[in-house]
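Asker: Contents are mmCIF, C-alpha atoms and all ligand atoms; chains and numbers go by the auth columns; file name input-v2.cif:
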```cif
data_final
#
loop_
_atom_site.group_PDB
_atom_site.id
_atom_site.type_symbol
_atom_site.label_atom_id
_atom_site.label_comp_id
_atom_site.label_asym_id
_atom_site.label_seq_id
_atom_site.Cartn_x
_atom_site.Cartn_y
_atom_site.Cartn_z
_atom_site.B_iso_or_equiv
_atom_site.auth_seq_id
_atom_site.auth_asym_id
ATOM 1 C CA MET A 1 10.316 -15.914 7.855 0.00 1 A
ATOM 2 C CA ASP A 2 10.975 -15.224 11.536 0.00 2 A
ATOM 3 C CA PHE A 3 10.714 -11.483 12.128 0.00 3 A
ATOM 4 C CA PHE A 4 13.159 -11.584 15.043 0.00 4 A
ATOM 5 C CA GLU A 5 15.886 -12.277 12.498 0.00 5 A
ATOM 6 C CA TYR A 6 14.846 -9.331 10.395 0.00 6 A
ATOM 7 C CA ASP A 7 17.464 -6.616 10.371 0.00 7 A
ATOM 8 C CA GLY A 8 15.917 -4.189 7.874 0.00 8 A
ATOM 9 C CA MET A 9 12.624 -2.307 7.770 0.00 9 A
ATOM 10 C CA ASN A 10 10.207 -3.397 10.445 0.00 10 A
ATOM 11 C CA PHE A 11 6.759 -1.958 11.131 0.00 11 A
ATOM 12 C CA ASN A 12 6.051 -4.224 14.129 0.00 12 A
ATOM 13 C CA ARG A 13 6.806 -1.537 16.679 0.00 13 A
ATOM 14 C CA VAL A 14 4.569 1.102 15.122 0.00 14 A
ATOM 15 C CA ALA A 15 1.808 -1.269 13.946 0.00 15 A
ATOM 16 C CA PRO A 16 -0.442 -0.999 17.064 0.00 16 A
ATOM 17 C CA TYR A 17 -0.463 2.823 16.813 0.00 17 A
ATOM 18 C CA PHE A 18 -0.600 3.194 13.036 0.00 18 A
ATOM 19 C CA GLU A 19 -4.380 3.569 12.710 0.00 19 A
ATOM 20 C CA ARG A 20 -4.655 6.029 15.596 0.00 20 A
ATOM 21 C CA LEU A 21 -1.776 8.134 14.282 0.00 21 A
ATOM 22 C CA GLU A 22 -3.262 8.181 10.813 0.00 22 A
ATOM 23 C CA LYS A 23 -6.635 9.381 12.139 0.00 23 A
ATOM 24 C CA ILE A 24 -5.141 12.035 14.415 0.00 24 A
ATOM 25 C CA ILE A 25 -2.937 13.477 11.690 0.00 25 A
ATOM 26 C CA PHE A 26 -4.930 12.980 8.490 0.00 26 A
ATOM 27 C CA ASN A 27 -8.450 12.315 9.783 0.00 27 A
ATOM 28 C CA LYS A 28 -10.172 10.264 7.040 0.00 28 A
ATOM 29 C CA GLN A 29 -8.040 11.419 4.119 0.00 29 A
ATOM 30 C CA MET A 30 -5.774 8.367 3.839 0.00 30 A
ATOM 31 C CA GLN A 31 -8.730 5.980 3.871 0.00 31 A
ATOM 32 C CA ARG A 32 -10.528 8.141 1.296 0.00 32 A
ATOM 33 C CA CYS A 33 -7.445 7.948 -0.871 0.00 33 A
ATOM 34 C CA ARG A 34 -7.148 4.141 -0.459 0.00 34 A
ATOM 35 C CA THR A 35 -10.798 3.647 -1.355 0.00 35 A
ATOM 36 C CA ALA A 36 -11.013 6.200 -4.187 0.00 36 A
ATOM 37 C CA PHE A 37 -12.040 3.541 -6.748 0.00 37 A
ATOM 38 C CA ILE A 38 -13.684 1.021 -4.408 0.00 38 A
ATOM 39 C CA LYS A 39 -17.201 1.420 -5.821 0.00 39 A
ATOM 40 C CA ARG A 40 -16.192 0.492 -9.359 0.00 40 A
ATOM 41 C CA LEU A 41 -13.514 -2.137 -9.070 0.00 41 A
ATOM 42 C CA PRO A 42 -12.812 -4.248 -12.147 0.00 42 A
ATOM 43 C CA PRO A 43 -14.033 -7.847 -12.063 0.00 43 A
ATOM 44 C CA ALA A 44 -11.117 -9.857 -10.659 0.00 44 A
ATOM 45 C CA LYS A 45 -10.476 -13.528 -9.909 0.00 45 A
ATOM 46 C CA LYS A 46 -7.298 -13.036 -7.944 0.00 46 A
ATOM 47 C CA ILE A 47 -6.217 -9.924 -6.044 0.00 47 A
ATOM 48 C CA ALA A 48 -2.927 -9.100 -4.324 0.00 48 A
ATOM 49 C CA LEU A 49 -2.813 -6.471 -1.572 0.00 49 A
ATOM 50 C CA VAL A 50 0.867 -5.698 -1.131 0.00 50 A
ATOM 51 C CA GLY A 51 2.297 -4.108 2.036 0.00 51 A
ATOM 52 C CA GLU A 52 -1.309 -3.722 3.171 0.00 52 A
ATOM 53 C CA GLY A 53 -0.699 -3.226 6.880 0.00 53 A
ATOM 54 C CA ASN A 54 -3.479 -3.416 9.473 0.00 54 A
ATOM 55 C CA GLY A 55 -6.452 -4.320 7.281 0.00 55 A
ATOM 56 C CA LEU A 56 -8.389 -1.056 7.035 0.00 56 A
ATOM 57 C CA PHE A 57 -8.603 -1.321 3.257 0.00 57 A
ATOM 58 C CA LEU A 58 -9.281 -5.068 3.263 0.00 58 A
ATOM 59 C CA LEU A 59 -12.700 -4.759 4.934 0.00 59 A
ATOM 60 C CA GLU A 60 -13.801 -2.113 2.448 0.00 60 A
ATOM 61 C CA LEU A 61 -12.591 -4.305 -0.403 0.00 61 A
ATOM 62 C CA LEU A 62 -14.557 -7.325 0.836 0.00 62 A
ATOM 63 C CA GLN A 63 -17.739 -5.285 0.951 0.00 63 A
ATOM 64 C CA HIS A 64 -17.367 -4.173 -2.642 0.00 64 A
ATOM 65 C CA CYS A 65 -15.922 -7.199 -4.367 0.00 65 A
ATOM 66 C CA ASP A 66 -16.823 -10.881 -4.472 0.00 66 A
ATOM 67 C CA CYS A 67 -13.407 -12.033 -5.659 0.00 67 A
ATOM 68 C CA GLU A 68 -12.683 -15.583 -4.445 0.00 68 A
ATOM 69 C CA GLN A 69 -8.963 -15.203 -3.802 0.00 69 A
ATOM 70 C CA ILE A 70 -7.292 -12.311 -2.036 0.00 70 A
ATOM 71 C CA HIS A 71 -3.605 -12.599 -1.207 0.00 71 A
ATOM 72 C CA TYR A 72 -2.588 -10.286 1.611 0.00 72 A
ATOM 73 C CA LEU A 73 1.142 -9.612 1.895 0.00 73 A
ATOM 74 C CA ASP A 74 3.107 -7.755 4.489 0.00 74 A
ATOM 75 C CA SER A 75 6.562 -8.132 6.034 0.00 75 A
ATOM 76 C CA SER A 76 5.284 -7.188 9.505 0.00 76 A
ATOM 77 C CA GLN A 77 3.902 -10.039 11.594 0.00 77 A
ATOM 78 C CA THR A 78 2.149 -7.545 13.889 0.00 78 A
ATOM 79 C CA MET A 79 0.435 -5.784 10.970 0.00 79 A
ATOM 80 C CA LEU A 80 -0.731 -9.166 9.659 0.00 80 A
ATOM 81 C CA GLU A 81 -2.117 -10.136 13.084 0.00 81 A
ATOM 82 C CA LEU A 82 -4.074 -6.881 13.274 0.00 82 A
ATOM 83 C CA ALA A 83 -5.497 -7.464 9.798 0.00 83 A
ATOM 84 C CA ARG A 84 -6.364 -11.086 10.622 0.00 84 A
ATOM 85 C CA LYS A 85 -8.194 -10.062 13.835 0.00 85 A
ATOM 86 C CA ARG A 86 -10.038 -7.298 12.024 0.00 86 A
ATOM 87 C CA LEU A 87 -11.143 -9.787 9.387 0.00 87 A
ATOM 88 C CA GLU A 88 -12.313 -12.405 11.923 0.00 88 A
ATOM 89 C CA GLY A 89 -14.434 -9.788 13.654 0.00 89 A
ATOM 90 C CA PHE A 90 -15.927 -8.826 10.313 0.00 90 A
ATOM 91 C CA SER A 91 -16.953 -12.175 8.838 0.00 91 A
ATOM 92 C CA LYS A 92 -15.925 -15.827 9.159 0.00 92 A
ATOM 93 C CA ASP A 93 -17.064 -16.458 5.605 0.00 93 A
ATOM 94 C CA ALA A 94 -14.934 -13.632 4.205 0.00 94 A
ATOM 95 C CA SER A 95 -11.926 -15.010 6.121 0.00 95 A
ATOM 96 C CA ARG A 96 -11.925 -18.038 3.819 0.00 96 A
ATOM 97 C CA ARG A 97 -11.349 -15.810 0.819 0.00 97 A
ATOM 98 C CA VAL A 98 -8.193 -14.218 2.213 0.00 98 A
ATOM 99 C CA GLN A 99 -4.739 -15.791 2.502 0.00 99 A
ATOM 100 C CA PHE A 100 -2.129 -13.962 4.538 0.00 100 A
ATOM 101 C CA TYR A 101 1.554 -14.054 3.641 0.00 101 A
ATOM 102 C CA CYS A 102 4.374 -12.775 5.792 0.00 102 A
ATOM 103 C CA CYS A 103 6.591 -11.764 2.917 0.00 103 A
ATOM 104 C CA ASP A 104 9.423 -9.283 2.595 0.00 104 A
ATOM 105 C CA LEU A 105 9.295 -8.223 -1.025 0.00 105 A
ATOM 106 C CA THR A 106 12.908 -7.039 -1.008 0.00 106 A
ATOM 107 C CA ARG A 107 14.008 -10.629 -0.313 0.00 107 A
ATOM 108 C CA GLU A 108 11.174 -12.822 -1.505 0.00 108 A
ATOM 109 C CA THR A 109 9.007 -13.129 -4.577 0.00 109 A
ATOM 110 C CA MET A 110 5.241 -12.697 -4.812 0.00 110 A
ATOM 111 C CA PRO A 111 3.405 -15.804 -3.521 0.00 111 A
ATOM 112 C CA ASP A 112 1.558 -16.463 -6.788 0.00 112 A
ATOM 113 C CA GLU A 113 1.036 -15.121 -10.299 0.00 113 A
ATOM 114 C CA ASN A 114 -1.709 -14.031 -12.689 0.00 114 A
ATOM 115 C CA TYR A 115 -3.185 -11.403 -10.399 0.00 115 A
ATOM 116 C CA ASP A 116 -5.918 -9.373 -12.145 0.00 116 A
ATOM 117 C CA LEU A 117 -5.759 -6.610 -9.592 0.00 117 A
ATOM 118 C CA VAL A 118 -2.892 -5.441 -7.382 0.00 118 A
ATOM 119 C CA VAL A 119 -3.164 -2.762 -4.733 0.00 119 A
ATOM 120 C CA THR A 120 -0.301 -0.803 -3.182 0.00 120 A
ATOM 121 C CA ASN A 121 -1.530 1.677 -0.595 0.00 121 A
ATOM 122 C CA PHE A 122 1.088 3.915 1.037 0.00 122 A
ATOM 123 C CA PHE A 123 3.578 1.099 0.515 0.00 123 A
ATOM 124 C CA LEU A 124 5.938 2.008 -2.323 0.00 124 A
ATOM 125 C CA ASP A 125 7.051 5.155 -0.491 0.00 125 A
ATOM 126 C CA VAL A 126 9.102 3.113 2.015 0.00 126 A
ATOM 127 C CA PHE A 127 11.752 2.062 -0.545 0.00 127 A
ATOM 128 C CA ASP A 128 14.945 3.539 -1.907 0.00 128 A
ATOM 129 C CA LYS A 129 15.264 3.673 -5.706 0.00 129 A
ATOM 130 C CA GLN A 130 16.790 0.225 -6.217 0.00 130 A
ATOM 131 C CA SER A 131 14.312 -1.604 -3.949 0.00 131 A
ATOM 132 C CA LEU A 132 11.429 0.368 -5.414 0.00 132 A
ATOM 133 C CA ASN A 133 12.430 -0.745 -8.891 0.00 133 A
ATOM 134 C CA ASP A 134 12.925 -4.366 -7.756 0.00 134 A
ATOM 135 C CA SER A 135 9.595 -4.462 -5.897 0.00 135 A
ATOM 136 C CA ILE A 136 7.646 -2.979 -8.801 0.00 136 A
ATOM 137 C CA THR A 137 9.343 -5.472 -11.150 0.00 137 A
ATOM 138 C CA LYS A 138 8.338 -8.394 -8.903 0.00 138 A
ATOM 139 C CA ILE A 139 4.746 -7.211 -8.536 0.00 139 A
ATOM 140 C CA ALA A 140 4.412 -6.489 -12.271 0.00 140 A
ATOM 141 C CA ALA A 141 5.803 -9.949 -13.127 0.00 141 A
ATOM 142 C CA SER A 142 3.066 -11.526 -11.010 0.00 142 A
ATOM 143 C CA CYS A 143 0.266 -9.713 -12.858 0.00 143 A
ATOM 144 C CA SER A 144 -1.908 -10.924 -15.721 0.00 144 A
ATOM 145 C CA THR A 145 -1.692 -9.202 -19.113 0.00 145 A
ATOM 146 C CA ASN A 146 -4.615 -6.785 -18.534 0.00 146 A
ATOM 147 C CA ALA A 147 -4.130 -6.332 -14.830 0.00 147 A
ATOM 148 C CA VAL A 148 -5.224 -3.217 -12.961 0.00 148 A
ATOM 149 C CA TRP A 149 -2.872 -1.582 -10.433 0.00 149 A
ATOM 150 C CA LEU A 150 -4.479 0.649 -7.809 0.00 150 A
ATOM 151 C CA TYR A 151 -1.892 2.930 -6.296 0.00 151 A
ATOM 152 C CA ALA A 152 -2.357 5.352 -3.401 0.00 152 A
ATOM 153 C CA ASP A 153 0.423 7.409 -1.872 0.00 153 A
ATOM 154 C CA PHE A 154 1.778 10.759 -0.843 0.00 154 A
ATOM 155 C CA GLN A 155 3.049 13.192 -3.449 0.00 155 A
ATOM 156 C CA ILE A 156 4.735 16.564 -3.800 0.00 156 A
ATOM 157 C CA SER A 157 2.677 18.309 -6.409 0.00 157 A
ATOM 158 C CA GLY A 158 0.613 21.377 -7.285 0.00 158 A
ATOM 159 C CA ARG A 159 1.137 25.037 -6.491 0.00 159 A
ATOM 160 C CA ILE A 160 4.113 26.281 -4.549 0.00 160 A
ATOM 161 C CA TYR A 161 2.325 26.420 -1.168 0.00 161 A
ATOM 162 C CA GLN A 162 0.995 22.865 -1.721 0.00 162 A
ATOM 163 C CA ARG A 163 4.501 21.656 -2.552 0.00 163 A
ATOM 164 C CA ILE A 164 6.005 23.326 0.517 0.00 164 A
ATOM 165 C CA ARG A 165 3.296 21.839 2.743 0.00 165 A
ATOM 166 C CA ALA A 166 3.750 18.373 1.210 0.00 166 A
ATOM 167 C CA PHE A 167 7.536 18.596 1.446 0.00 167 A
ATOM 168 C CA ALA A 168 7.320 19.495 5.157 0.00 168 A
ATOM 169 C CA TRP A 169 4.829 16.708 5.993 0.00 169 A
ATOM 170 C CA ILE A 170 6.765 14.099 4.065 0.00 170 A
ATOM 171 C CA LYS A 171 10.058 15.147 5.673 0.00 171 A
ATOM 172 C CA ILE A 172 8.501 14.766 9.144 0.00 172 A
ATOM 173 C CA MET A 173 7.058 11.365 8.246 0.00 173 A
ATOM 174 C CA TYR A 174 10.350 10.069 6.870 0.00 174 A
ATOM 175 C CA VAL A 175 12.269 11.150 9.976 0.00 175 A
ATOM 176 C CA PHE A 176 9.620 9.444 12.144 0.00 176 A
ATOM 177 C CA PHE A 177 9.448 6.209 10.134 0.00 177 A
ATOM 178 C CA ARG A 178 13.218 5.967 9.766 0.00 178 A
ATOM 179 C CA PHE A 179 13.367 6.062 13.550 0.00 179 A
ATOM 180 C CA VAL A 180 10.458 3.715 14.412 0.00 180 A
ATOM 181 C CA ALA A 181 10.479 1.369 11.383 0.00 181 A
ATOM 182 C CA GLN A 182 13.947 1.801 9.865 0.00 182 A
ATOM 183 C CA ILE A 183 12.476 2.476 6.428 0.00 183 A
ATOM 184 C CA GLN A 184 15.010 2.613 3.573 0.00 184 A
ATOM 185 C CA ALA A 185 13.735 5.709 1.813 0.00 185 A
ATOM 186 C CA GLN A 186 15.209 9.093 2.626 0.00 186 A
ATOM 187 C CA LYS A 187 13.017 10.912 0.140 0.00 187 A
ATOM 188 C CA LEU A 188 9.834 10.261 -1.772 0.00 188 A
ATOM 189 C CA ILE A 189 10.398 8.731 -5.208 0.00 189 A
ATOM 190 C CA ASP A 190 7.580 8.986 -7.732 0.00 190 A
ATOM 191 C CA PRO A 191 7.092 5.467 -9.161 0.00 191 A
ATOM 192 C CA SER A 192 5.113 6.612 -12.246 0.00 192 A
ATOM 193 C CA GLU A 193 7.943 6.033 -14.710 0.00 193 A
ATOM 194 C CA MET A 194 8.675 2.533 -13.366 0.00 194 A
ATOM 195 C CA LEU A 195 4.992 1.599 -13.481 0.00 195 A
ATOM 196 C CA GLU A 196 4.791 2.871 -17.072 0.00 196 A
ATOM 197 C CA GLN A 197 7.851 0.796 -18.004 0.00 197 A
ATOM 198 C CA HIS A 198 5.932 -2.307 -16.955 0.00 198 A
ATOM 199 C CA GLY A 199 2.963 -1.294 -19.084 0.00 199 A
ATOM 200 C CA PHE A 200 0.748 0.130 -16.345 0.00 200 A
ATOM 201 C CA ARG A 201 -0.707 3.218 -18.022 0.00 201 A
ATOM 202 C CA LEU A 202 -2.417 5.900 -15.986 0.00 202 A
ATOM 203 C CA LYS A 203 -6.191 5.831 -16.563 0.00 203 A
ATOM 204 C CA GLU A 204 -7.401 8.025 -13.718 0.00 204 A
ATOM 205 C CA LEU A 205 -5.969 10.120 -10.925 0.00 205 A
ATOM 206 C CA VAL A 206 -7.741 11.587 -7.885 0.00 206 A
ATOM 207 C CA GLU A 207 -6.090 13.865 -5.317 0.00 207 A
ATOM 208 C CA PHE A 208 -6.869 14.145 -1.599 0.00 208 A
ATOM 209 C CA ASP A 209 -6.010 16.430 1.285 0.00 209 A
ATOM 210 C CA ARG A 210 -5.260 19.448 -0.920 0.00 210 A
ATOM 211 C CA GLY A 211 -2.964 17.439 -3.164 0.00 211 A
ATOM 212 C CA LEU A 212 -0.912 15.769 -0.428 0.00 212 A
ATOM 213 C CA MET A 213 -2.023 12.303 -1.582 0.00 213 A
ATOM 214 C CA ARG A 214 -3.139 10.774 -4.840 0.00 214 A
ATOM 215 C CA ALA A 215 -4.936 7.633 -5.908 0.00 215 A
ATOM 216 C CA GLU A 216 -4.252 6.212 -9.345 0.00 216 A
ATOM 217 C CA TRP A 217 -5.993 3.651 -11.502 0.00 217 A
ATOM 218 C CA ARG A 218 -3.389 2.088 -13.789 0.00 218 A
ATOM 219 C CA GLN A 219 -3.946 -0.650 -16.282 0.00 219 A
ATOM 220 C CA ARG A 220 -2.068 -2.736 -18.810 0.00 220 A
ATOM 221 C CA ASP A 221 -3.717 -2.540 -22.218 0.00 221 A
HETATM 222 C C1 LIG B . 3.356 2.875 5.559 0.00 301 B
HETATM 223 S S1 LIG B . 2.727 1.268 5.861 0.00 301 B
HETATM 224 C C2 LIG B . 1.239 1.266 4.901 0.00 301 B
HETATM 225 C C3 LIG B . 0.306 0.148 5.273 0.00 301 B
HETATM 226 C C4 LIG B . -1.026 0.094 4.496 0.00 301 B
HETATM 227 N N1 LIG B . -0.844 -0.246 3.117 0.00 301 B
HETATM 228 C C5 LIG B . -1.797 1.366 4.631 0.00 301 B
HETATM 229 O O1 LIG B . -2.281 1.899 3.639 0.00 301 B
HETATM 230 O O2 LIG B . -1.947 1.818 5.783 0.00 301 B
HETATM 231 C C6 LIG B . 3.815 0.272 4.903 0.00 301 B
HETATM 232 C C7 LIG B . 3.522 -1.214 5.036 0.00 301 B
HETATM 233 O O3 LIG B . 4.407 -1.917 4.176 0.00 301 B
HETATM 234 C C8 LIG B . 4.942 -3.024 4.860 0.00 301 B
HETATM 235 N N2 LIG B . 6.281 -3.291 4.288 0.00 301 B
HETATM 236 C C9 LIG B . 7.379 -2.533 4.406 0.00 301 B
HETATM 237 N N3 LIG B . 8.407 -3.075 3.738 0.00 301 B
HETATM 238 C C10 LIG B . 7.926 -4.213 3.184 0.00 301 B
HETATM 239 C C11 LIG B . 8.502 -5.227 2.370 0.00 301 B
HETATM 240 N N4 LIG B . 9.771 -5.173 2.018 0.00 301 B
HETATM 241 N N5 LIG B . 7.731 -6.259 1.974 0.00 301 B
HETATM 242 C C12 LIG B . 6.417 -6.315 2.347 0.00 301 B
HETATM 243 N N6 LIG B . 5.816 -5.395 3.117 0.00 301 B
HETATM 244 C C13 LIG B . 6.554 -4.363 3.541 0.00 301 B
HETATM 245 C C14 LIG B . 5.007 -2.591 6.313 0.00 301 B
HETATM 246 O O4 LIG B . 5.069 -3.663 7.211 0.00 301 B
HETATM 247 C C15 LIG B . 3.733 -1.765 6.433 0.00 301 B
HETATM 248 O O5 LIG B . 2.626 -2.538 6.819 0.00 301 B
#
```
As structure tokens, what does this structure read like?
Ligand SMILES: C[S@@+](CC[C@H](N)C(=O)[O-])C[C@H]1O[C@@H](n2cnc3c(N)ncnc32)[C@H](O)[C@@H]1O

Answerer:
Amino acid sequence: MDFFEYDGMNFNRVAPYFERLEKIIFNKQMQRCRTAFIKRLPPAKKIALVGEGNGLFLLELLQHCDCEQIHYLDSSQTMLELARKRLEGFSKDASRRVQFYCCDLTRETMPDENYDLVVTNFFLDVFDKQSLNDSITKIAASCSTNAVWLYADFQISGRIYQRIRAFAWIKIMYVFFRFVAQIQAQKLIDPSEMLEQHGFRLKELVEFDRGLMRAEWRQRD
């Protein structure tokens, strides 16, 4: 798909600054959240990283997993270029294990099926309710029967002061990303119920940055 024709969400403009912004605002907390389960990943033949952005998580994954096939999806050409460059600088051999797909999940389907592991890091929070449901349905349909879903994202949870803090941060982020990336979402929707409906049961949950983010290990039994 040619991104110049794209009239919806588009992270191309913010892509070159995304990593710097993340580090300035959240220091290492987002990467800690993404990699919460990295040291004990399930054995997987085929992995899908969906809406994976600039490749920060990919390098960590490659160091902890010898999976032969990793499908890397994002709708932003600039994000994919950043991830590709990061990967080339890391290892030529590892590059052969990763296939990049410029794919808008609201319009297109997943590139393959029977994924044993899918990862959505700070991705599902960009959608409104309908697109969130559709995207989760597409990802779930591409998964094998016992697949693991690693989810990392922001949340509004905990004690009142934690909720107020989270609400304020998330509000600021949505205003910013609606302006720079035209994201659909106006508020954060918790996808837990939708994930459960597709059989992905919560096995483990870890919180970061005083409850502002959470990482979940979900699995189909
Ligand atoms: C908030 S960023 C998070 C990126 C990365 N997962 C991370 O943890 O930093 C959301 C990512 O989702 C991608 N994205 C947004 N809408 C998408 C869609 N409909 N299909 C595929 N990717 C999409 C964006 O291009 C962007 O890279």

Asker: Residues at most 8 Å from Pro191 of chain A, counting all atoms listed in the file, excluding those fewer than 2 positions away in the same chain, as a list of chain:residue names?

Answerer: A:Leu124, A:Leu132, A:Ile189, A:Glu193, A:Met194, A:Leu195

Asker: Quick check on the file I pasted: which residues fall under the PyMOL selection byres (((not hetatm)) within 8 of (chain B and resi 301))? Write them as an MDAnalysis selection string.

Answerer: chainID A and resid 9:12 15 18:19 30:31 34 50:57 73:77 79:80 102:107 120:127 135 152 183

Asker: Wanna dump the segment 93-171 of chain A-segment 205-211 of chain A contacts at 9 Å for me, each residue with its shortest atom pair and the distance in Å to one decimal, counting all atoms listed in the file, ordered by chain and number, as JSON lines?

Answerer:
```
{"residue": "A:Phe154", "atom": "CA", "partner": "A:Gly211", "partner_atom": "CA", "distance": 8.5}
{"residue": "A:Gln155", "atom": "CA", "partner": "A:Gly211", "partner_atom": "CA", "distance": 7.4}
{"residue": "A:Ile156", "atom": "CA", "partner": "A:Gly211", "partner_atom": "CA", "distance": 7.8}
{"residue": "A:Ser157", "atom": "CA", "partner": "A:Gly211", "partner_atom": "CA", "distance": 6.6}
{"residue": "A:Gly158", "atom": "CA", "partner": "A:Gly211", "partner_atom": "CA", "distance": 6.7}
{"residue": "A:Gln162", "atom": "CA", "partner": "A:Gly211", "partner_atom": "CA", "distance": 6.9}
{"residue": "A:Arg163", "atom": "CA", "partner": "A:Gly211", "partner_atom": "CA", "distance": 8.6}
{"residue": "A:Ala166", "atom": "CA", "partner": "A:Gly211", "partner_atom": "CA", "distance": 8.1}
```

Asker: With distances taken over all atoms listed in the file, which of A:Glu108, A:Lys187, A:Ser131, A:Arg201 is nearest to Trp169 of chain A?

Answerer: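 Smallest distance to Trp169 of chain A is found for A:Lys187.
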
Asker: From the set A:Ile160, A:Ile25, A:Leu150, A:Val175, which residue has the shortest atom-to-atom contact distance to Arg40 of chain A, counting only C-alpha atoms?

Answerer: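 Checking each of A:Ile160, A:Ile25, A:Leu150, A:Val175 against Arg40 of chain A, counting only C-alpha atoms, the winner is A:Leu150.
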